[in-house]
file work39.txt (compact mmCIF, C-alpha atoms)
# COMPACT_ATOMS: atom_id res chain seq x y z
CA MET A 1 13.91 5.76 4.70
CA SER A 2 14.51 9.48 4.81
CA LEU A 3 12.19 12.32 3.99
CA GLU A 4 14.31 13.60 1.11
CA TYR A 5 13.47 10.67 -1.18
CA TYR A 6 9.75 11.28 -0.85
CA LEU A 7 10.15 15.03 -1.36
CA ILE A 8 12.29 14.49 -4.47
CA LEU A 9 9.73 12.07 -5.90
CA SER A 10 7.02 14.61 -5.09
CA ALA A 11 8.98 17.38 -6.85
CA LEU A 12 9.49 15.19 -9.92
CA LEU A 13 5.80 14.25 -10.13
CA PHE A 14 4.82 17.91 -9.71
CA THR A 15 7.22 18.90 -12.50
CA ILE A 16 5.79 16.28 -14.84
CA GLY A 17 2.38 17.79 -14.14
CA VAL A 18 3.74 21.27 -14.93
CA ILE A 19 5.24 20.00 -18.22
CA GLY A 20 1.86 18.52 -19.11
CA VAL A 21 0.03 21.77 -18.45
CA LEU A 22 2.62 23.72 -20.46
CA VAL A 23 2.92 21.34 -23.41
CA ARG A 24 -0.45 19.66 -23.94
CA ARG A 25 -3.30 21.60 -25.54
CA ASN A 26 -6.14 19.21 -24.77
CA ALA A 27 -8.21 20.61 -21.89
CA ILE A 28 -8.94 17.16 -20.41
CA ILE A 29 -5.25 16.21 -20.33
CA ILE A 30 -4.44 19.58 -18.75
CA PHE A 31 -6.99 18.68 -16.10
CA MET A 32 -5.33 15.31 -15.51
CA CYS A 33 -1.99 17.06 -15.11
CA ILE A 34 -3.52 19.34 -12.47
CA GLU A 35 -4.64 16.19 -10.64
CA LEU A 36 -1.07 14.92 -10.91
CA MET A 37 0.23 18.10 -9.29
CA LEU A 38 -2.34 17.89 -6.48
CA ASN A 39 -1.24 14.30 -5.89
CA ALA A 40 2.40 15.30 -5.73
CA ALA A 41 1.50 17.88 -3.10
CA ASN A 42 -0.44 15.19 -1.21
CA LEU A 43 2.62 12.95 -1.23
CA ALA A 44 4.73 15.76 0.26
CA PHE A 45 2.04 16.38 2.90
CA VAL A 46 1.95 12.74 3.98
CA ALA A 47 5.74 12.38 3.96
CA ILE A 48 6.21 15.46 6.16
CA SER A 49 3.34 14.36 8.39
CA ARG A 50 5.10 11.02 8.98
CA ASN A 51 8.37 12.81 9.61
CA LEU A 52 6.90 15.18 12.18
CA GLY A 53 4.80 12.47 13.79
CA THR A 54 1.60 14.52 13.51
CA ALA A 55 -1.71 13.73 11.82
CA GLU A 56 -2.31 17.23 10.43
CA GLY A 57 -0.66 16.48 7.08
CA GLN A 58 -3.00 13.56 6.49
CA LEU A 59 -5.98 15.77 7.33
CA PHE A 60 -4.85 18.34 4.79
CA VAL A 61 -4.64 15.56 2.21
CA PHE A 62 -8.26 14.72 3.01
CA PHE A 63 -9.30 18.34 2.40
CA VAL A 64 -7.22 18.57 -0.78
CA MET A 65 -8.97 15.47 -2.09
CA ALA A 66 -12.40 16.94 -1.35
CA VAL A 67 -11.50 20.16 -3.15
CA ALA A 68 -10.03 18.18 -6.05
CA ALA A 69 -13.23 16.17 -6.40
CA ALA A 70 -15.32 19.36 -6.51
CA GLU A 71 -12.88 20.96 -8.95
CA VAL A 72 -12.95 17.98 -11.31
CA ALA A 73 -16.75 17.85 -11.33
CA ILE A 74 -17.07 21.56 -12.18
CA GLY A 75 -14.15 21.56 -14.61
CA LEU A 76 -15.49 18.62 -16.56
CA ALA A 77 -18.95 20.21 -16.67
CA ILE A 78 -17.34 23.35 -18.11
CA ILE A 79 -15.42 21.26 -20.65
CA VAL A 80 -18.60 19.46 -21.71
CA SER A 81 -20.48 22.74 -22.19
CA VAL A 82 -17.55 24.30 -24.07
CA PHE A 83 -17.46 21.25 -26.32
CA LYS A 84 -21.19 21.56 -27.02
CA HIS A 85 -20.69 25.19 -28.11
CA ARG A 86 -17.40 24.95 -29.99
CA GLU A 87 -16.98 21.30 -31.02
CA THR A 88 -13.41 21.47 -29.67
CA ILE A 89 -11.58 21.44 -26.34
CA ASN A 90 -8.23 22.59 -27.68
CA VAL A 91 -7.31 25.44 -25.36
CA ASP A 92 -5.65 27.37 -28.18
CA GLU A 93 -8.91 27.51 -30.10
CA VAL A 94 -11.06 28.22 -27.05
CA ASN A 95 -9.63 31.70 -26.42
CA SER A 96 -12.70 33.87 -26.08
CA LEU A 97 -15.05 34.21 -23.14
CA LYS A 98 -17.96 34.98 -25.43
CA GLY A 99 -19.96 31.88 -26.30
CA MET B 1 18.85 -1.75 1.25
CA ASN B 2 15.83 -2.80 3.26
CA ALA B 3 12.35 -3.81 2.13
CA GLU B 4 10.85 -0.35 2.56
CA MET B 5 13.46 1.17 0.29
CA ILE B 6 12.94 -1.47 -2.42
CA LEU B 7 9.18 -0.95 -2.29
CA PHE B 8 9.67 2.82 -2.39
CA PHE B 9 11.76 2.59 -5.55
CA ILE B 10 9.29 0.21 -7.20
CA PHE B 11 6.26 2.38 -6.41
CA GLY B 12 8.17 5.57 -7.20
CA ALA B 13 9.34 4.27 -10.57
CA VAL B 14 5.85 3.05 -11.48
CA SER B 15 4.28 6.38 -10.52
CA LEU B 16 6.90 8.32 -12.50
CA ILE B 17 6.42 6.09 -15.56
CA GLY B 18 2.65 6.51 -15.24
CA ALA B 19 2.99 10.28 -14.96
CA ILE B 20 5.23 10.48 -18.02
CA SER B 21 2.74 8.33 -19.92
CA VAL B 22 -0.06 10.74 -18.97
CA ILE B 23 1.64 13.61 -20.74
CA SER B 24 3.03 11.65 -23.69
CA PHE B 25 0.11 9.52 -24.90
CA ARG B 26 -1.84 11.13 -27.70
CA HIS B 27 -5.19 9.58 -26.95
CA PRO B 28 -6.87 10.90 -23.74
CA ILE B 29 -8.13 7.40 -22.78
CA TYR B 30 -4.56 6.09 -22.53
CA SER B 31 -3.60 9.16 -20.49
CA ALA B 32 -6.48 8.51 -18.10
CA LEU B 33 -5.51 4.85 -17.67
CA SER B 34 -1.87 5.84 -17.01
CA LEU B 35 -3.12 8.32 -14.43
CA ILE B 36 -4.93 5.45 -12.67
CA VAL B 37 -1.61 3.54 -12.54
CA THR B 38 0.03 6.59 -10.97
CA PHE B 39 -2.75 6.95 -8.41
CA PHE B 40 -2.50 3.29 -7.40
CA SER B 41 1.25 3.41 -6.94
CA GLN B 42 0.86 6.59 -4.92
CA ALA B 43 -1.61 4.73 -2.72
CA GLY B 44 1.17 2.17 -2.23
CA LEU B 45 3.54 4.97 -1.21
CA PHE B 46 0.96 6.23 1.28
CA VAL B 47 0.79 2.74 2.82
CA LEU B 48 4.59 2.75 3.05
CA LEU B 49 4.35 6.05 4.92
CA GLY B 50 1.89 4.53 7.38
CA ALA B 51 -1.04 6.61 6.13
CA HIS B 52 -3.56 3.81 5.62
CA PHE B 53 -6.60 6.06 5.70
CA VAL B 54 -5.16 8.34 3.02
CA ALA B 55 -4.24 5.31 0.89
CA ALA B 56 -7.80 3.97 1.07
CA VAL B 57 -9.29 7.36 0.26
CA GLN B 58 -6.81 7.73 -2.61
CA VAL B 59 -8.01 4.49 -4.19
CA ILE B 60 -11.71 5.16 -3.55
CA VAL B 61 -11.89 8.86 -4.43
CA TYR B 62 -9.12 9.36 -6.99
CA ALA B 63 -8.76 6.02 -8.74
CA GLY B 64 -12.46 5.32 -8.31
CA ALA B 65 -14.67 8.38 -8.51
CA ILE B 66 -12.53 11.03 -10.20
CA MET B 67 -11.08 8.79 -12.89
CA VAL B 68 -14.49 7.31 -13.70
CA LEU B 69 -15.68 10.88 -14.23
CA PHE B 70 -12.72 11.57 -16.53
CA LEU B 71 -13.25 8.39 -18.56
CA PHE B 72 -16.98 9.08 -18.75
CA VAL B 73 -16.42 12.58 -20.16
CA ILE B 74 -13.75 11.37 -22.61
CA MET B 75 -16.11 8.72 -23.92
CA LEU B 76 -19.09 11.10 -23.91
CA LEU B 77 -17.24 13.66 -26.05
CA ASN B 78 -15.62 10.96 -28.22
CA LEU B 79 -12.33 12.85 -28.31
CA GLY B 80 -10.21 10.26 -30.08
CA THR B 81 -10.52 11.88 -33.48
CA LEU B 82 -9.93 15.42 -32.24
CA SER B 83 -6.71 14.97 -30.31
CA ALA B 84 -4.30 14.74 -33.24
CA LYS B 85 -3.19 18.36 -32.86
CA GLY B 86 -3.03 18.18 -29.09
CA VAL B 87 0.66 18.94 -28.49
CA LEU B 88 2.60 22.18 -28.48
CA THR B 89 5.38 22.17 -31.06
CA GLY B 90 8.66 23.84 -31.96
CA LYS B 91 10.33 26.57 -29.96
CA LEU B 92 7.52 26.92 -27.41
CA LYS B 93 7.81 23.27 -26.45
CA GLY B 94 11.56 23.64 -25.93
CA ILE B 95 11.07 26.68 -23.73
CA ALA B 96 8.39 24.88 -21.73
CA ILE B 97 10.60 21.85 -21.11
CA VAL B 98 13.65 23.95 -20.16
CA LEU B 99 11.53 25.93 -17.69
CA ALA B 100 10.11 22.72 -16.27
CA ILE B 101 13.57 21.20 -15.80
CA LEU B 102 14.69 24.36 -13.99
CA PHE B 103 11.58 24.03 -11.83
CA ALA B 104 12.40 20.40 -11.05
CA ALA B 105 15.98 21.30 -10.12
CA GLU B 106 14.65 23.99 -7.80
CA GLY B 107 12.22 21.59 -6.16
CA ILE B 108 14.89 18.93 -5.62
CA TYR B 109 17.30 21.54 -4.25
CA ILE B 110 14.70 22.68 -1.74
CA ALA B 111 13.81 19.10 -0.80
CA VAL B 112 17.43 18.20 -0.14
CA ASN B 113 18.63 21.39 1.51
CA ALA B 114 15.67 22.95 3.30
CA LEU B 115 15.63 20.38 6.11
CA LYS B 116 19.35 20.36 6.77
CA GLY B 117 20.26 21.62 10.22
CA ASP B 118 16.67 21.35 11.35
CA THR B 119 17.27 18.86 14.13
CA ALA B 120 13.72 19.08 15.42
CA VAL B 121 12.42 17.60 12.20
CA ALA B 122 14.97 14.81 12.15
CA SER B 123 14.61 13.82 15.80
CA ALA B 124 10.83 13.79 15.83
CA GLN B 125 10.86 10.79 13.51
CA ALA B 126 10.06 7.46 15.16
CA ALA B 127 9.13 9.30 18.35
CA THR B 128 5.45 8.53 17.97
CA GLU B 129 3.34 5.51 17.16
CA PRO B 130 1.73 5.29 13.70
CA ILE B 131 -1.27 7.54 13.09
CA THR B 132 -4.42 5.45 13.06
CA THR B 133 -7.62 6.11 11.17
CA GLU B 134 -9.39 6.35 14.50
CA TYR B 135 -7.14 9.22 15.57
CA ILE B 136 -7.73 11.04 12.29
CA GLY B 137 -11.48 10.66 12.75
CA GLU B 138 -11.25 12.06 16.27
CA LEU B 139 -9.26 15.07 15.06
CA LEU B 140 -11.66 15.62 12.18
CA PHE B 141 -14.69 15.79 14.45
CA SER B 142 -13.14 17.80 17.26
CA LYS B 143 -10.25 20.15 16.45
CA TYR B 144 -10.91 20.42 12.72
CA LEU B 145 -14.71 20.35 12.78
CA LEU B 146 -15.11 23.74 11.10
CA PRO B 147 -12.88 22.93 8.06
CA PHE B 148 -14.69 19.61 7.79
CA GLU B 149 -18.07 21.36 7.59
CA VAL B 150 -16.69 23.92 5.13
CA THR B 151 -15.61 20.98 2.96
CA SER B 152 -19.20 19.79 2.84
CA LEU B 153 -20.22 23.31 1.76
CA ILE B 154 -17.64 23.18 -1.04
CA LEU B 155 -19.07 19.87 -2.24
CA LEU B 156 -22.61 21.30 -2.10
CA ALA B 157 -21.48 24.36 -4.10
CA ALA B 158 -19.85 22.08 -6.67
CA LEU B 159 -23.05 20.02 -6.92
CA ILE B 160 -25.21 23.09 -7.51
CA GLY B 161 -22.65 24.60 -9.89
CA VAL B 162 -22.57 21.50 -12.07
CA ILE B 163 -26.36 21.31 -12.19
CA VAL B 164 -26.59 24.99 -13.17
CA LEU B 165 -23.91 24.62 -15.86
CA VAL B 166 -25.59 21.65 -17.48
CA LYS B 167 -29.13 22.99 -17.12
CA ARG B 168 -28.38 26.33 -18.77
CA GLU B 169 -26.99 24.40 -21.71
CA ASN B 170 -30.29 22.58 -22.18
CA THR B 171 -32.50 25.68 -21.99
CA THR B 172 -30.49 27.61 -24.57
CA GLU B 173 -30.58 24.74 -27.01
CA ASN B 174 -34.33 24.31 -26.81
call {"tool": "encode", "arguments": {"input": "work39.txt", "output": "structure tokens"}}
result
Amino acid sequence: MSLEYYLILSALLFTIGVIGVLVRRNAIIIFMCIELMLNAANLAFVAISRNLGTAEGQLFVFFVMAVAAAEVAIGLAIIVSVFKHRETINVDEVNSLKG
Amino acid sequence: MNAEMILFFIFGAVSLIGAISVISFRHPIYSALSLIVTFFSQAGLFVLLGAHFVAAVQVIVYAGAIMVLFLFVIMLLNLGTLSAKGVLTGKLKGIAIVLAILFAAEGIYIAVNALKGDTAVASAQAATEPITTEYIGELLFSKYLLPFEVTSLILLAALIGVIVLVKRENTTEN
């Protein structure tokens, strides 16, 4: 099983995430698509780690997951407070920094 | 076609279908559930790659903690009625999809061509035994101790940030 297959799958998953961020206007779905992109990067990390025979790639995945967990917690808190102010989480309508 | 290849195509297809469902379902709950499917099949791919620790963490942290948080917020905000106008339309959508397809072509081109001629990468495969969780733990607490501690700082900062965000909301309302 060669590395290319995993990297192609990773590229496809990342692109689907990019399409989601570009096309969807719901802030929560944009967040999910960011998670999808982080996961695609994780897949590439693990595939290359296996290919090189080193553990560093898997460690980076661990750190990426920790950062993703922190990012999701803060992002969702921001979404909740934006929703309380504006009654919407459509990113086209939430276009001003002033509450 | 050996067993690993068959499993790779099954897990890969399921994760791609899940990912496409994430961006095409209108209701955020369905998107979140599709994302869980994608995460689980990616955990399967990690097992195929011999990364058992990463697969376990994927299921526990992503499919467990992060997705519960997502579902909780979706249900808290009751977004089902608001998401009708949630998709970009017309010319902008076409431009976005064309750009994304170009991006995908670029990524696949790099994946296929970047490693060609790099014999070190190709020959290193199968030279070592599988990476165990024990070895990862040893690395994490010796060579990569500082990044590990910085990670705990990031989590602490996130904790405090979330509390501040939510608390300020309460004081302004009262």
call {"tool": "atom_distance", "arguments": {"input": "work39.txt", "atom1": "atom CA of Asn42 of chain A", "atom2": "atom CA of Val61 of chain A"}}
result
5.4 Å
call {"tool": "atom_distance", "arguments": {"input": "work39.txt", "atom1": "atom CA of Phe45 of chain A", "atom2": "atom CA of Ile29 of chain A"}}
result
24.3 Å
call {"tool": "closest_atom_pairs", "arguments": {"input": "work39.txt", "of": "chain A", "to": "chain B", "cutoff": "7 Å", "atoms": "all atoms listed in the file", "output": "Markdown table"}}
result
| residue | atom | partner | partner_atom | distance |
| --- | --- | --- | --- | --- |
| A:Met1 | CA | B:Met5 | CA | 6.4 |
| A:Glu4 | CA | B:Val112 | CA | 5.7 |
| A:Leu7 | CA | B:Ala111 | CA | 5.5 |
| A:Ile8 | CA | B:Ile108 | CA | 5.3 |
| A:Leu9 | CA | B:Gly12 | CA | 6.8 |
| A:Ala11 | CA | B:Gly107 | CA | 5.4 |
| A:Leu12 | CA | B:Ala104 | CA | 6.1 |
| A:Leu13 | CA | B:Leu16 | CA | 6.5 |
| A:Thr15 | CA | B:Ala104 | CA | 5.6 |
| A:Ile16 | CA | B:Ala19 | CA | 6.6 |
| A:Val18 | CA | B:Ala100 | CA | 6.7 |
| A:Ile19 | CA | B:Ala100 | CA | 5.9 |
| A:Gly20 | CA | B:Ile23 | CA | 5.2 |
| A:Leu22 | CA | B:Ala96 | CA | 6.0 |
| A:Val23 | CA | B:Leu88 | CA | 5.1 |
| A:Arg24 | CA | B:Val87 | CA | 4.7 |
| A:Arg25 | CA | B:Gly86 | CA | 4.9 |
| A:Asn26 | CA | B:Gly86 | CA | 5.4 |
| A:Ile29 | CA | B:Pro28 | CA | 6.5 |
| A:Ala47 | CA | B:Leu49 | CA | 6.6 |
| A:Arg50 | CA | B:Leu49 | CA | 6.5 |
| A:Asn51 | CA | B:Gln125 | CA | 5.0 |
| A:Leu52 | CA | B:Ala124 | CA | 5.5 |
| A:Gly53 | CA | B:Thr128 | CA | 5.8 |
| A:Ala55 | CA | B:Ile131 | CA | 6.3 |
| A:Gln58 | CA | B:Val54 | CA | 6.6 |
| A:Phe63 | CA | B:Thr151 | CA | 6.9 |
| A:Ala66 | CA | B:Thr151 | CA | 6.7 |
| A:Ala69 | CA | B:Ile66 | CA | 6.4 |
| A:Ala70 | CA | B:Ala158 | CA | 5.3 |
| A:Ala73 | CA | B:Val162 | CA | 6.9 |
| A:Ile74 | CA | B:Val162 | CA | 5.5 |
| A:Ala77 | CA | B:Val162 | CA | 6.0 |
| A:Ser81 | CA | B:Glu169 | CA | 6.7 |
| A:Asn90 | CA | B:Gly86 | CA | 7.0 |
call {"tool": "atom_distance", "arguments": {"input": "work39.txt", "atom1": "atom CA of Leu145 of chain B", "atom2": "atom CA of Val46 of chain A"}}
result
20.3 Å
call {"tool": "residues_around", "arguments": {"input": "work39.txt", "residues": "Phe31 of chain A", "least_positions_apart": "4", "cutoff": "10 Å", "atoms": "all atoms listed in the file", "output": "list in words"}}
result
Gly17, Gly20, Val21, Asn26, Ala27, Glu35, Leu36, Met37, Glu71, Val72, Gly75, Leu76 and Ile79 of chain A; Phe70 of chain B
call {"tool": "decode", "arguments": {"input": "work39.txt", "residues": "segment 138-151 of chain B", "atoms": "all heavy atoms", "output": "PDB file, in the first residue's frame"}}
result
ATOM      1  N   GLU B 138       7.114   7.626  25.535  1.00  0.00           N
ATOM      2  CA  GLU B 138       8.502   7.935  25.903  1.00  0.00           C
ATOM      3  C   GLU B 138       8.981   9.201  25.219  1.00  0.00           C
ATOM      4  O   GLU B 138       9.583  10.082  25.847  1.00  0.00           O
ATOM      5  CB  GLU B 138       9.404   6.771  25.502  1.00  0.00           C
ATOM      6  CG  GLU B 138       9.551   5.702  26.572  1.00  0.00           C
ATOM      7  CD  GLU B 138      10.396   4.545  26.076  1.00  0.00           C
ATOM      8  OE1 GLU B 138      11.313   4.794  25.256  1.00  0.00           O
ATOM      9  OE2 GLU B 138      10.111   3.423  26.492  1.00  0.00           O
ATOM     10  N   LEU B 139       8.707   9.311  23.916  1.00  0.00           N
ATOM     11  CA  LEU B 139       9.125  10.509  23.178  1.00  0.00           C
ATOM     12  C   LEU B 139       8.474  11.756  23.768  1.00  0.00           C
ATOM     13  O   LEU B 139       9.109  12.806  23.906  1.00  0.00           O
ATOM     14  CB  LEU B 139       8.717  10.391  21.708  1.00  0.00           C
ATOM     15  CG  LEU B 139       9.705   9.794  20.732  1.00  0.00           C
ATOM     16  CD1 LEU B 139       9.132   9.894  19.341  1.00  0.00           C
ATOM     17  CD2 LEU B 139      11.031  10.535  20.793  1.00  0.00           C
ATOM     18  N   LEU B 140       7.188  11.616  24.093  1.00  0.00           N
ATOM     19  CA  LEU B 140       6.408  12.770  24.549  1.00  0.00           C
ATOM     20  C   LEU B 140       6.946  13.304  25.875  1.00  0.00           C
ATOM     21  O   LEU B 140       6.894  14.507  26.127  1.00  0.00           O
ATOM     22  CB  LEU B 140       4.947  12.336  24.703  1.00  0.00           C
ATOM     23  CG  LEU B 140       3.860  13.351  24.478  1.00  0.00           C
ATOM     24  CD1 LEU B 140       4.027  14.018  23.145  1.00  0.00           C
ATOM     25  CD2 LEU B 140       2.516  12.661  24.524  1.00  0.00           C
ATOM     26  N   PHE B 141       7.469  12.412  26.705  1.00  0.00           N
ATOM     27  CA  PHE B 141       7.939  12.863  28.017  1.00  0.00           C
ATOM     28  C   PHE B 141       9.448  13.023  28.084  1.00  0.00           C
ATOM     29  O   PHE B 141       9.980  13.286  29.155  1.00  0.00           O
ATOM     30  CB  PHE B 141       7.473  11.891  29.101  1.00  0.00           C
ATOM     31  CG  PHE B 141       6.022  12.063  29.414  1.00  0.00           C
ATOM     32  CD1 PHE B 141       5.097  11.167  28.927  1.00  0.00           C
ATOM     33  CD2 PHE B 141       5.589  13.140  30.160  1.00  0.00           C
ATOM     34  CE1 PHE B 141       3.761  11.335  29.196  1.00  0.00           C
ATOM     35  CE2 PHE B 141       4.254  13.312  30.436  1.00  0.00           C
ATOM     36  CZ  PHE B 141       3.339  12.405  29.947  1.00  0.00           C
ATOM     37  N   SER B 142      10.140  12.861  26.938  1.00  0.00           N
ATOM     38  CA  SER B 142      11.577  13.115  26.978  1.00  0.00           C
ATOM     39  C   SER B 142      11.958  14.177  25.948  1.00  0.00           C
ATOM     40  O   SER B 142      12.192  15.334  26.290  1.00  0.00           O
ATOM     41  CB  SER B 142      12.327  11.810  26.717  1.00  0.00           C
ATOM     42  OG  SER B 142      11.929  11.256  25.477  1.00  0.00           O
ATOM     43  N   LYS B 143      11.930  13.794  24.659  1.00  0.00           N
ATOM     44  CA  LYS B 143      12.421  14.705  23.628  1.00  0.00           C
ATOM     45  C   LYS B 143      11.443  15.855  23.389  1.00  0.00           C
ATOM     46  O   LYS B 143      11.851  16.988  23.125  1.00  0.00           O
ATOM     47  CB  LYS B 143      12.633  13.906  22.339  1.00  0.00           C
ATOM     48  CG  LYS B 143      13.451  14.632  21.293  1.00  0.00           C
ATOM     49  CD  LYS B 143      13.653  13.732  20.081  1.00  0.00           C
ATOM     50  CE  LYS B 143      14.241  14.490  18.922  1.00  0.00           C
ATOM     51  NZ  LYS B 143      14.236  13.683  17.692  1.00  0.00           N
ATOM     52  N   TYR B 144      10.150  15.555  23.489  1.00  0.00           N
ATOM     53  CA  TYR B 144       9.145  16.570  23.169  1.00  0.00           C
ATOM     54  C   TYR B 144       8.402  17.025  24.418  1.00  0.00           C
ATOM     55  O   TYR B 144       7.205  17.269  24.377  1.00  0.00           O
ATOM     56  CB  TYR B 144       8.174  16.020  22.128  1.00  0.00           C
ATOM     57  CG  TYR B 144       8.830  15.807  20.799  1.00  0.00           C
ATOM     58  CD1 TYR B 144       9.311  14.565  20.432  1.00  0.00           C
ATOM     59  CD2 TYR B 144       8.999  16.868  19.919  1.00  0.00           C
ATOM     60  CE1 TYR B 144       9.947  14.378  19.222  1.00  0.00           C
ATOM     61  CE2 TYR B 144       9.636  16.694  18.716  1.00  0.00           C
ATOM     62  CZ  TYR B 144      10.105  15.447  18.373  1.00  0.00           C
ATOM     63  OH  TYR B 144      10.743  15.270  17.177  1.00  0.00           O
ATOM     64  N   LEU B 145       9.141  17.131  25.533  1.00  0.00           N
ATOM     65  CA  LEU B 145       8.492  17.524  26.785  1.00  0.00           C
ATOM     66  C   LEU B 145       8.009  18.964  26.728  1.00  0.00           C
ATOM     67  O   LEU B 145       6.889  19.265  27.159  1.00  0.00           O
ATOM     68  CB  LEU B 145       9.470  17.343  27.953  1.00  0.00           C
ATOM     69  CG  LEU B 145       8.869  17.613  29.333  1.00  0.00           C
ATOM     70  CD1 LEU B 145       7.756  16.625  29.604  1.00  0.00           C
ATOM     71  CD2 LEU B 145       9.927  17.499  30.411  1.00  0.00           C
ATOM     72  N   LEU B 146       8.825  19.857  26.154  1.00  0.00           N
ATOM     73  CA  LEU B 146       8.444  21.277  26.123  1.00  0.00           C
ATOM     74  C   LEU B 146       7.181  21.503  25.294  1.00  0.00           C
ATOM     75  O   LEU B 146       6.241  22.147  25.784  1.00  0.00           O
ATOM     76  CB  LEU B 146       9.619  22.116  25.607  1.00  0.00           C
ATOM     77  CG  LEU B 146       9.335  23.619  25.573  1.00  0.00           C
ATOM     78  CD1 LEU B 146       9.151  24.153  26.989  1.00  0.00           C
ATOM     79  CD2 LEU B 146      10.462  24.370  24.892  1.00  0.00           C
ATOM     80  N   PRO B 147       7.078  20.972  24.041  1.00  0.00           N
ATOM     81  CA  PRO B 147       5.812  21.127  23.308  1.00  0.00           C
ATOM     82  C   PRO B 147       4.623  20.549  24.051  1.00  0.00           C
ATOM     83  O   PRO B 147       3.522  21.107  24.013  1.00  0.00           O
ATOM     84  CB  PRO B 147       6.074  20.366  22.004  1.00  0.00           C
ATOM     85  CG  PRO B 147       7.521  20.348  21.855  1.00  0.00           C
ATOM     86  CD  PRO B 147       8.091  20.334  23.219  1.00  0.00           C
ATOM     87  N   PHE B 148       4.857  19.436  24.766  1.00  0.00           N
ATOM     88  CA  PHE B 148       3.780  18.809  25.519  1.00  0.00           C
ATOM     89  C   PHE B 148       3.261  19.752  26.602  1.00  0.00           C
ATOM     90  O   PHE B 148       2.051  19.933  26.773  1.00  0.00           O
ATOM     91  CB  PHE B 148       4.305  17.508  26.130  1.00  0.00           C
ATOM     92  CG  PHE B 148       3.276  16.699  26.841  1.00  0.00           C
ATOM     93  CD1 PHE B 148       2.231  16.130  26.148  1.00  0.00           C
ATOM     94  CD2 PHE B 148       3.366  16.507  28.204  1.00  0.00           C
ATOM     95  CE1 PHE B 148       1.286  15.388  26.796  1.00  0.00           C
ATOM     96  CE2 PHE B 148       2.420  15.767  28.864  1.00  0.00           C
ATOM     97  CZ  PHE B 148       1.375  15.200  28.163  1.00  0.00           C
ATOM     98  N   GLU B 149       4.202  20.411  27.307  1.00  0.00           N
ATOM     99  CA  GLU B 149       3.788  21.352  28.353  1.00  0.00           C
ATOM    100  C   GLU B 149       3.109  22.580  27.748  1.00  0.00           C
ATOM    101  O   GLU B 149       2.145  23.111  28.300  1.00  0.00           O
ATOM    102  CB  GLU B 149       5.001  21.774  29.180  1.00  0.00           C
ATOM    103  CG  GLU B 149       5.650  20.648  29.955  1.00  0.00           C
ATOM    104  CD  GLU B 149       4.733  20.067  31.012  1.00  0.00           C
ATOM    105  OE1 GLU B 149       3.820  20.774  31.441  1.00  0.00           O
ATOM    106  OE2 GLU B 149       4.940  18.900  31.383  1.00  0.00           O
ATOM    107  N   VAL B 150       3.617  23.031  26.583  1.00  0.00           N
ATOM    108  CA  VAL B 150       2.997  24.184  25.927  1.00  0.00           C
ATOM    109  C   VAL B 150       1.561  23.848  25.531  1.00  0.00           C
ATOM    110  O   VAL B 150       0.658  24.685  25.616  1.00  0.00           O
ATOM    111  CB  VAL B 150       3.837  24.623  24.706  1.00  0.00           C
ATOM    112  CG1 VAL B 150       3.110  25.670  23.903  1.00  0.00           C
ATOM    113  CG2 VAL B 150       5.169  25.164  25.161  1.00  0.00           C
ATOM    114  N   THR B 151       1.342  22.570  25.138  1.00  0.00           N
ATOM    115  CA  THR B 151      -0.018  22.143  24.817  1.00  0.00           C
ATOM    116  C   THR B 151      -0.942  22.307  26.012  1.00  0.00           C
ATOM    117  O   THR B 151      -2.081  22.767  25.877  1.00  0.00           O
ATOM    118  CB  THR B 151       0.004  20.669  24.378  1.00  0.00           C
ATOM    119  OG1 THR B 151       0.916  20.526  23.322  1.00  0.00           O
ATOM    120  CG2 THR B 151      -1.363  20.234  23.931  1.00  0.00           C
TER     121      THR B 151
END
